[in-house]
Amino acid sequence: MNLPKGLKIIRKTNSTDVKLYDTIIVNITDNKVILNNGDWKTNHTRKCMNLALVDKNVVVSQKKGQWLVSFLCKVNGQVTIPFSNSMVIEVA
């Protein structure tokens with residue numbers, strides 16, 4: 001599979017880093033993801049994040065200029081919350 005421009009997947013022993021140019025935009029472990037856009041709120045950054053998050057059922061979207069994150073919460077079901085850098089999401 002051809003990755004989008006600037007995107008690299010770095011597999012480690014207990015996690016995977018998804019790096020876009022010089023920024024780790026997603027860190028994935030078995031039970032959590034950490035999101036960071038490096039203050040680059042571009043469609044390209046969001047697209048790359050979403051490619052990395054498909055298997056975790058997490059989606060980063062944009063509505064009226066605000067980034068949102070949707071995911072399945074163990075307690076509340078499907079939720080959508082505002083995006084913030086370094087946010088941690090617990091995933092199943």
# chains A, B, ... in the order shown; residues from 1 in each chain; ligands from 1
call {"tool": "select_by_dssp", "arguments": {"residues": "segment 13-68 of chain A", "states": "helix (DSSP H, G or I)", "output": "NGL selection string"}}
result
:A and (43-56)
call {"tool": "write_last_selection", "arguments": {"atoms": "C-alpha atoms", "output": "PDB file, in the first residue's frame"}}
result
ATOM      1  CA  ASN A  43      -7.184  17.801   5.646  1.00  0.00           C
ATOM      2  CA  HIS A  44      -3.962  15.891   4.939  1.00  0.00           C
ATOM      3  CA  THR A  45      -3.190  15.520   8.656  1.00  0.00           C
ATOM      4  CA  ARG A  46      -6.744  14.366   9.394  1.00  0.00           C
ATOM      5  CA  LYS A  47      -6.684  11.897   6.501  1.00  0.00           C
ATOM      6  CA  CYS A  48      -3.409  10.404   7.744  1.00  0.00           C
ATOM      7  CA  MET A  49      -4.759  10.146  11.299  1.00  0.00           C
ATOM      8  CA  ASN A  50      -7.889   8.382  10.082  1.00  0.00           C
ATOM      9  CA  LEU A  51      -5.886   5.899   8.009  1.00  0.00           C
ATOM     10  CA  ALA A  52      -4.001   4.925  11.158  1.00  0.00           C
ATOM     11  CA  LEU A  53      -7.157   4.706  13.287  1.00  0.00           C
ATOM     12  CA  VAL A  54      -9.373   2.484  11.113  1.00  0.00           C
ATOM     13  CA  ASP A  55      -8.728  -0.674  13.150  1.00  0.00           C
ATOM     14  CA  LYS A  56      -9.416   1.180  16.412  1.00  0.00           C
TER      15      LYS A  56
END
call {"tool": "closest_atom_pairs", "arguments": {"of": "segment 62-90 of chain A", "to": "segment 20-41 of chain A", "cutoff": "6 Å", "atoms": "only C-alpha atoms", "output": "tab-separated table"}}
result
residue	atom	partner	partner_atom	distance
A:Asn85	CA	A:Asn36	CA	4.5
A:Ser86	CA	A:Asn36	CA	5.1
A:Met87	CA	A:Leu35	CA	5.5
A:Val88	CA	A:Ile34	CA	4.5
A:Ile89	CA	A:Val33	CA	5.3
A:Glu90	CA	A:Lys32	CA	4.3
call {"tool": "write_last_selection", "arguments": {"atoms": "N, CA and C atoms", "output": "PDB file, in the first residue's frame"}}
result
ATOM      1  N   ASN A  85      -4.797  18.324  21.376  1.00  0.00           N
ATOM      2  CA  ASN A  85      -3.498  17.680  21.233  1.00  0.00           C
ATOM      3  C   ASN A  85      -3.149  16.879  22.471  1.00  0.00           C
ATOM      4  N   SER A  86      -2.521  15.744  22.242  1.00  0.00           N
ATOM      5  CA  SER A  86      -2.090  14.806  23.285  1.00  0.00           C
ATOM      6  C   SER A  86      -3.259  14.138  23.992  1.00  0.00           C
ATOM      7  N   MET A  87      -4.446  14.162  23.373  1.00  0.00           N
ATOM      8  CA  MET A  87      -5.585  13.491  23.996  1.00  0.00           C
ATOM      9  C   MET A  87      -5.381  11.984  23.936  1.00  0.00           C
ATOM     10  N   VAL A  88      -5.809  11.317  25.001  1.00  0.00           N
ATOM     11  CA  VAL A  88      -5.689   9.870  25.118  1.00  0.00           C
ATOM     12  C   VAL A  88      -7.090   9.279  25.061  1.00  0.00           C
ATOM     13  N   ILE A  89      -7.263   8.285  24.203  1.00  0.00           N
ATOM     14  CA  ILE A  89      -8.553   7.613  24.070  1.00  0.00           C
ATOM     15  C   ILE A  89      -8.347   6.139  24.358  1.00  0.00           C
ATOM     16  N   GLU A  90      -9.123   5.614  25.297  1.00  0.00           N
ATOM     17  CA  GLU A  90      -9.080   4.182  25.580  1.00  0.00           C
ATOM     18  C   GLU A  90      -9.914   3.464  24.535  1.00  0.00           C
TER      19      GLU A  90
END
call {"tool": "atom_distance", "arguments": {"atom1": "atom CA of Asp17 of chain A", "atom2": "atom CA of Val79 of chain A"}}
result
24.3 Å
call {"tool": "atom_distance", "arguments": {"atom1": "atom CA of Ser15 of chain A", "atom2": "atom CA of Gln62 of chain A"}}
result
26.8 Å
call {"tool": "closest_residue", "arguments": {"among": "A:Thr16, A:Arg11, A:Val60, A:Leu72", "to": "Ser84 of chain A", "atoms": "only C-alpha atoms"}}
result
A:Val60
call {"tool": "select_by_dssp", "arguments": {"residues": "chain A", "states": "strand (DSSP E)", "output": "ChimeraX atom specification"}}
result
/A:7-11,16-20,23-28,32-35,59-63,66-73,77-82,87-90
call {"tool": "residues_around", "arguments": {"residues": "Gln78 of chain A", "least_positions_apart": "5", "cutoff": "12 Å", "atoms": "only C-alpha atoms", "output": "PyMOL selection string"}}
result
chain A and resi 57-59+69-73+91
call {"tool": "write_last_selection", "arguments": {"atoms": "C-alpha atoms", "output": "JSON list (two decimals), in the first residue's frame"}}
result
[["chain", "number", "residue", "atom", "x", "y", "z"],
["A", 57, "ASN", "CA", -12.83, 2.55, 15.29],
["A", 58, "VAL", "CA", -11.74, 6.12, 15.99],
["A", 59, "VAL", "CA", -12.55, 8.90, 13.51],
["A", 69, "VAL", "CA", -13.08, 12.78, 17.58],
["A", 70, "SER", "CA", -15.69, 10.00, 17.49],
["A", 71, "PHE", "CA", -15.12, 6.65, 19.15],
["A", 72, "LEU", "CA", -16.85, 3.84, 21.01],
["A", 73, "CYS", "CA", -16.71, 4.51, 24.74],
["A", 91, "VAL", "CA", -10.03, 1.66, 22.92]]
call {"tool": "atom_distance", "arguments": {"atom1": "atom CA of Val75 of chain A", "atom2": "atom CA of Lys12 of chain A"}}
result
29.7 Å
call {"tool": "residues_around", "arguments": {"residues": "Leu68 of chain A", "least_positions_apart": "6", "cutoff": "7 Å", "atoms": "only C-alpha atoms", "output": "PyMOL selection string"}}
result
chain A and resi 60-62+80-83
call {"tool": "closest_residue", "arguments": {"among": "A:Pro4, A:Lys19, A:Thr13, A:Thr42", "to": "Gly65 of chain A", "atoms": "only C-alpha atoms"}}
result
A:Thr42
